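Colleague: Just so it is clear, I am handing over input.csv, which has CSV, C-alpha atoms.
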```
chain,number,residue,atom,x,y,z
I,1,MET,CA,0.0,0.0,0.0
I,2,ILE,CA,2.9,2.4,0.7
I,3,ALA,CA,4.2,1.9,-2.9
I,4,GLY,CA,0.6,2.6,-4.2
I,5,PHE,CA,0.3,5.6,-2.0
I,6,LEU,CA,3.5,7.2,-3.3
I,7,GLN,CA,2.6,6.4,-6.9
I,8,ALA,CA,-0.9,7.9,-6.4
I,9,LEU,CA,0.7,10.9,-4.8
I,10,ARG,CA,2.9,11.4,-7.8
I,11,ARG,CA,0.0,11.1,-10.2
I,12,LEU,CA,-2.0,13.6,-8.3
I,13,PHE,CA,0.3,16.3,-9.6
I,14,LEU,CA,-0.9,15.3,-13.1
I,15,VAL,CA,-4.6,15.2,-12.7
I,16,GLN,CA,-5.2,18.0,-15.2
I,17,GLY,CA,-3.1,16.3,-17.8
I,18,ALA,CA,-6.1,14.5,-19.3
I,19,TRP,CA,-8.6,17.4,-18.7
I,20,SER,CA,-11.6,17.4,-21.0
I,21,TYR,CA,-15.0,19.2,-21.3
I,22,GLU,CA,-16.8,15.9,-20.9
I,23,ARG,CA,-15.2,14.7,-17.7
I,24,MET,CA,-13.1,17.7,-16.5
I,25,THR,CA,-10.5,16.1,-14.2
I,26,GLY,CA,-12.3,12.8,-14.0
I,27,VAL,CA,-9.8,10.8,-16.1
I,28,GLY,CA,-6.9,12.3,-14.1
I,29,ILE,CA,-8.7,11.2,-10.8
I,30,GLY,CA,-9.0,7.7,-12.2
I,31,TYR,CA,-5.3,7.7,-13.2
I,32,ALA,CA,-4.3,8.7,-9.7
I,33,SER,CA,-6.7,6.2,-8.1
I,34,GLU,CA,-5.5,3.1,-10.0
I,35,PRO,CA,-2.3,2.4,-8.0
I,36,LEU,CA,-4.4,2.4,-4.8
I,37,LEU,CA,-7.0,0.0,-6.3
I,38,GLU,CA,-4.4,-2.7,-7.2
I,39,ASP,CA,-5.0,-4.8,-4.1
I,40,LEU,CA,-8.7,-4.8,-4.9
I,41,ARG,CA,-8.0,-6.4,-8.3
I,42,LEU,CA,-6.7,-9.5,-6.5
I,43,ALA,CA,-9.3,-9.6,-3.7
I,44,ASP,CA,-12.4,-8.8,-5.8
I,45,PRO,CA,-11.9,-8.5,-9.6
I,46,THR,CA,-15.5,-7.6,-10.3
I,47,ARG,CA,-15.5,-4.8,-7.7
I,48,HIS,CA,-12.2,-3.6,-9.1
I,49,ALA,CA,-13.6,-3.4,-12.6
I,50,GLU,CA,-16.6,-1.4,-11.4
I,51,ALA,CA,-14.4,0.8,-9.2
I,52,ALA,CA,-12.0,1.6,-12.1
I,53,VAL,CA,-14.9,2.8,-14.2
I,54,ARG,CA,-16.3,4.9,-11.4
I,55,SER,CA,-13.0,6.5,-10.6
I,56,ALA,CA,-12.7,8.0,-14.1
I,57,GLU,CA,-16.2,9.5,-14.2
I,58,TYR,CA,-16.9,13.2,-14.3
I,59,PHE,CA,-15.2,15.2,-11.5
I,60,ASN,CA,-14.5,18.9,-11.3
I,61,SER,CA,-12.9,20.5,-8.2
I,62,HIS,CA,-9.6,22.2,-7.3
I,63,PRO,CA,-6.7,20.0,-8.4
I,64,TYR,CA,-4.7,20.6,-5.3
I,65,LEU,CA,-7.4,19.1,-3.1
I,66,ALA,CA,-8.2,16.2,-5.4
I,67,GLY,CA,-6.4,13.8,-3.1
I,68,LEU,CA,-9.2,14.1,-0.6
I,69,ALA,CA,-11.6,12.7,-3.2
I,70,VAL,CA,-9.2,10.1,-4.5
I,71,GLY,CA,-8.5,8.8,-1.0
I,72,ALA,CA,-12.1,8.9,0.2
I,73,LEU,CA,-13.4,7.2,-2.9
I,74,VAL,CA,-10.8,4.4,-2.9
I,75,ARG,CA,-11.4,3.8,0.8
I,76,ALA,CA,-15.1,3.5,0.1
I,77,GLU,CA,-14.5,0.9,-2.6
I,78,TYR,CA,-12.4,-1.2,-0.2
I,79,ASP,CA,-15.2,-0.8,2.5
I,80,GLN,CA,-17.7,-2.3,0.0
I,81,VAL,CA,-19.8,0.8,0.0
I,82,PRO,CA,-22.6,0.4,-2.6
I,83,GLY,CA,-21.6,1.8,-6.0
I,84,ALA,CA,-24.5,4.3,-6.1
I,85,GLN,CA,-23.4,5.7,-2.8
I,86,VAL,CA,-19.8,6.1,-4.0
I,87,SER,CA,-21.0,8.0,-7.0
I,88,ARG,CA,-23.1,10.3,-4.8
I,89,LEU,CA,-20.0,10.9,-2.6
I,90,ARG,CA,-18.1,11.8,-5.7
I,91,SER,CA,-20.7,14.3,-6.7
I,92,ALA,CA,-21.0,15.8,-3.2
I,93,LEU,CA,-17.3,16.5,-3.0
I,94,THR,CA,-17.1,18.5,-6.2
I,95,SER,CA,-18.3,21.9,-5.1
I,96,PRO,CA,-16.8,22.0,-1.6
I,97,LEU,CA,-13.4,21.0,-2.7
I,98,GLY,CA,-13.5,23.5,-5.6
I,99,ALA,CA,-14.6,26.4,-3.4
I,100,LEU,CA,-12.1,25.7,-0.6
I,101,GLY,CA,-9.3,25.2,-3.1
I,102,ASP,CA,-10.0,28.3,-5.0
I,103,GLN,CA,-10.3,30.4,-1.8
I,104,LEU,CA,-7.1,28.9,-0.3
I,105,PHE,CA,-4.9,28.9,-3.3
I,106,TRP,CA,-6.1,31.1,-6.2
I,107,ALA,CA,-7.6,33.8,-4.1
I,108,GLY,CA,-5.3,33.3,-1.1
I,109,LEU,CA,-1.8,31.8,-1.3
I,110,VAL,CA,-0.9,32.9,-4.8
I,111,PRO,CA,-1.7,36.7,-4.4
I,112,ALA,CA,-0.3,36.6,-0.8
I,113,LEU,CA,3.1,35.3,-2.0
I,114,MET,CA,3.1,37.6,-5.0
I,115,GLY,CA,2.5,40.6,-2.7
I,116,LEU,CA,5.2,39.4,-0.3
I,117,GLY,CA,7.6,38.9,-3.2
I,118,ILE,CA,7.0,42.5,-4.4
I,119,LEU,CA,7.5,43.8,-0.9
I,120,GLY,CA,10.8,41.8,-0.6
I,121,VAL,CA,12.1,43.3,-3.9
I,122,VAL,CA,11.1,46.8,-2.8
I,123,ALA,CA,12.8,46.2,0.6
I,124,GLY,CA,16.0,45.4,-1.2
I,125,LEU,CA,16.1,41.6,-0.7
I,126,GLY,CA,17.0,41.0,-4.3
I,127,PRO,CA,16.1,38.0,-6.5
I,128,TRP,CA,16.4,35.6,-3.5
I,129,ILE,CA,13.0,36.6,-2.3
I,130,LEU,CA,11.5,35.4,-5.6
I,131,VAL,CA,13.3,32.0,-5.2
I,132,ALA,CA,11.8,31.9,-1.6
I,133,VAL,CA,8.3,32.5,-3.0
I,134,VAL,CA,8.6,29.7,-5.5
I,135,VAL,CA,10.0,27.3,-2.8
I,136,VAL,CA,7.3,28.2,-0.3
I,137,TYR,CA,4.5,27.8,-2.8
I,138,ASN,CA,5.6,24.4,-4.0
I,139,ALA,CA,6.3,23.2,-0.4
I,140,VAL,CA,2.7,24.1,0.6
I,141,ARG,CA,1.4,22.4,-2.6
I,142,VAL,CA,3.3,19.1,-1.8
I,143,ALA,CA,2.3,19.2,1.8
I,144,THR,CA,-1.3,19.8,1.1
I,145,THR,CA,-1.5,17.0,-1.5
I,146,TRP,CA,0.1,14.6,0.9
I,147,TRP,CA,-2.3,15.6,3.7
I,148,ALA,CA,-5.3,15.4,1.4
I,149,LEU,CA,-4.6,11.9,0.1
I,150,SER,CA,-3.8,10.6,3.7
I,151,THR,CA,-7.0,12.2,5.1
I,152,GLY,CA,-9.2,10.9,2.3
I,153,LEU,CA,-7.8,7.3,2.8
I,154,ALA,CA,-8.3,7.5,6.5
I,155,SER,CA,-11.9,8.9,6.3
I,156,GLY,CA,-13.7,7.2,3.5
I,157,VAL,CA,-17.4,8.2,3.4
I,158,HIS,CA,-16.8,10.4,6.5
I,159,VAL,CA,-14.4,12.6,4.6
I,160,GLY,CA,-16.9,15.6,4.8
I,161,SER,CA,-16.7,15.5,8.6
I,162,ALA,CA,-12.9,15.2,8.5
I,163,ILE,CA,-12.6,18.3,6.3
I,164,ALA,CA,-14.9,20.2,8.6
I,165,ARG,CA,-12.7,19.4,11.6
I,166,SER,CA,-9.4,20.0,9.8
I,167,TRP,CA,-7.3,23.2,9.3
I,168,LEU,CA,-8.7,23.7,5.8
I,169,PRO,CA,-11.9,25.7,6.5
I,170,ARG,CA,-10.1,27.9,9.0
I,171,ALA,CA,-7.0,28.6,7.0
I,172,ALA,CA,-8.7,29.7,3.8
I,173,PRO,CA,-10.2,33.0,5.1
I,174,LEU,CA,-7.0,33.8,7.0
I,175,VAL,CA,-4.8,33.3,4.0
I,176,GLY,CA,-7.2,35.5,2.1
I,177,LEU,CA,-6.7,38.3,4.6
I,178,VAL,CA,-2.9,37.9,4.2
I,179,ALA,CA,-3.4,38.1,0.4
I,180,GLY,CA,-5.4,41.3,0.7
I,181,GLY,CA,-3.0,42.9,3.1
I,182,SER,CA,0.2,42.0,1.2
I,183,VAL,CA,-1.1,43.0,-2.2
I,184,GLY,CA,-2.7,46.1,-0.8
I,185,ILE,CA,0.6,47.2,0.8
I,186,ALA,CA,2.8,46.1,-2.2
I,187,LEU,CA,1.0,48.0,-5.0
I,188,PRO,CA,1.5,51.6,-3.8
I,189,LEU,CA,4.9,50.8,-2.4
I,190,ALA,CA,6.0,49.3,-5.7
I,191,ALA,CA,4.7,52.3,-7.6
I,192,ARG,CA,6.4,54.7,-5.2
I,193,TRP,CA,9.6,52.6,-5.3
I,194,LEU,CA,9.9,53.2,-9.0
I,195,LEU,CA,10.1,56.9,-8.5
I,196,PRO,CA,13.1,58.6,-6.8
I,197,PRO,CA,13.7,59.1,-4.0
I,198,ARG,CA,12.8,55.7,-2.8
I,199,PRO,CA,11.0,55.5,0.6
I,200,HIS,CA,11.7,53.3,3.5
I,201,ALA,CA,9.7,50.3,2.3
I,202,MET,CA,9.9,48.1,5.3
I,203,THR,CA,8.9,50.9,7.7
I,204,ILE,CA,5.9,51.8,5.5
I,205,ALA,CA,4.9,48.1,5.1
I,206,LEU,CA,5.0,47.4,8.9
I,207,GLY,CA,3.3,50.7,9.7
I,208,THR,CA,0.5,50.0,7.3
I,209,LEU,CA,0.0,46.5,8.5
I,210,ALA,CA,-0.1,47.6,12.2
I,211,VAL,CA,-2.7,50.3,11.5
I,212,ALA,CA,-4.7,48.0,9.3
I,213,LEU,CA,-4.8,45.2,11.9
I,214,LEU,CA,-5.8,47.7,14.7
I,215,ALA,CA,-8.6,48.8,12.4
I,216,VAL,CA,-9.7,45.3,11.6
I,217,TRP,CA,-9.8,44.1,15.2
I,218,PRO,CA,-13.0,45.7,16.3
I,219,LEU,CA,-14.8,45.1,13.0
I,220,GLY,CA,-14.3,41.3,13.1
I,221,PRO,CA,-16.2,39.3,10.4
I,222,ARG,CA,-17.3,42.4,8.5
I,223,VAL,CA,-13.7,42.7,7.1
I,224,ASN,CA,-13.1,40.4,4.1
I,225,PRO,CA,-9.9,40.2,2.0
I,226,VAL,CA,-11.1,42.7,-0.6
I,227,ARG,CA,-12.0,45.3,2.0
I,228,PHE,CA,-8.8,44.7,3.9
I,229,GLY,CA,-6.7,44.9,0.7
I,230,VAL,CA,-8.4,48.2,-0.4
I,231,GLY,CA,-7.8,49.7,3.0
I,232,ALA,CA,-4.2,48.6,2.9
I,233,ILE,CA,-3.7,50.2,-0.5
I,234,GLY,CA,-5.1,53.5,0.8
I,235,LEU,CA,-2.9,53.5,4.0
I,236,ALA,CA,0.3,52.5,2.2
I,237,ALA,CA,-0.3,55.1,-0.5
I,238,LEU,CA,-0.7,57.8,2.1
I,239,LEU,CA,2.4,56.8,3.9
I,240,ALA,CA,4.5,56.2,0.8
I,241,TRP,CA,3.7,59.6,-0.7
I,242,GLY,CA,3.7,61.4,2.6
I,243,LEU,CA,7.3,60.4,3.5
I,244,PRO,CA,10.3,62.2,1.9
```
Starting from the file, lay out its structure as structure tokens.
Modeller:
Amino acid sequence: MIAGFLQALRRLFLVQGAWSYERMTGVGIGYASEPLLEDLRLADPTRHAEAAVRSAEYFNSHPYLAGLAVGALVRAEYDQVPGAQVSRLRSALTSPLGALGDQLFWAGLVPALMGLGILGVVAGLGPWILVAVVVVYNAVRVATTWWALSTGLASGVHVGSAIARSWLPRAAPLVGLVAGGSVGIALPLAARWLLPPRPHAMTIALGTLAVALLAVWPLGPRVNPVRFGVGAIGLAALLAWGLP
């Protein structure tokens, strides 16, 4: 099973390689599931044939969280869950995994790291900050994929409850706030940095962040990443153009 897990993990990075309008990432999900279904081939050839067909059916969610679906669906096949219920589980996972993945990665981690990378360049950290951004992003990607596959395999049909109890729903909005803040601070600083004389970027960034966090604290859930980012843009612009 360890060999199958590692092979499935490697294949999860390729789930979009067979993307199509008809099945979206379904074929990629089937490709990633096959190494984990090998033991089922020997134990129950009929069930394996049915599971292989089901594993490649339509599926559309965020590719970085696809391991949750792969693991849960494979575990359900080994647990002899009725095929119709496995298909319903597959359909039920589509929207939540897509929404969480988009919020965590496309609207969170990617802009957050881009904003921090811009801030690093403005602060004089040079090209190494860009290398660090790439390394951190891929490290999070690998760790998330490993966690997703492990959690799915351990949870089976109870994967929804496992997701609800995990770090994932709590991390997504927090990363979104980091994205709004970092991009909001980076944009005016980068514009000001391009014009001589260049301001003290780190002082402005930390000052803006401190003021923004103090403003956010009493407002609580009424502050979302977009509002936080717009507020940070305004604060950073005032500081950037107000300093000599």
Colleague: Closest to Gly115 (chain I) among I:Val70, I:Leu93, I:Val157, I:Val133, using only C-alpha atoms?
Modeller: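 Checking each of I:Val70, I:Leu93, I:Val157, I:Val133 against Gly115 (chain I), counting only C-alpha atoms, the winner is I:Val133.
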Colleague: Just give me the gap between CA of Arg75 (chain I) and CA of Phe59 (chain I) in Å, one decimal is fine.
Modeller: 17.2 Å
Colleague: Using all atoms listed in the file, which protein or nucleic acid residues come within 8 Å of Ala171 (chain I)? Drop anything in the same chain fewer than 4 positions from it, and give the result as a VMD selection string.
Modeller: chain I and resid 104 167 175
Colleague: Could you pull the residues within 10 Å of Asp79 (chain I), counting all atoms listed in the file, minus those fewer than 5 positions along the same chain, as a PyMOL selection string?
Modeller: chain I and resi 73-74+156-157
Colleague: Could those selected residues go to a file with C-alpha atoms, as a PDB file, in the coordinates of the input?
Modeller:
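Result saved to out.pdb:
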```pdb
ATOM      1  CA  LEU I  73     -13.400   7.200  -2.900  1.00  0.00           C
ATOM      2  CA  VAL I  74     -10.800   4.400  -2.900  1.00  0.00           C
ATOM      3  CA  GLY I 156     -13.700   7.200   3.500  1.00  0.00           C
ATOM      4  CA  VAL I 157     -17.400   8.200   3.400  1.00  0.00           C
TER       5      VAL I 157
END
```
Colleague: Just the number, please: distance in Å from CA of Pro63 (chain I) to CA of Gly184 (chain I), one decimal.
Modeller: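 Taking CA of Pro63 (chain I) and CA of Gly184 (chain I), their separation equals 27.5 Å.
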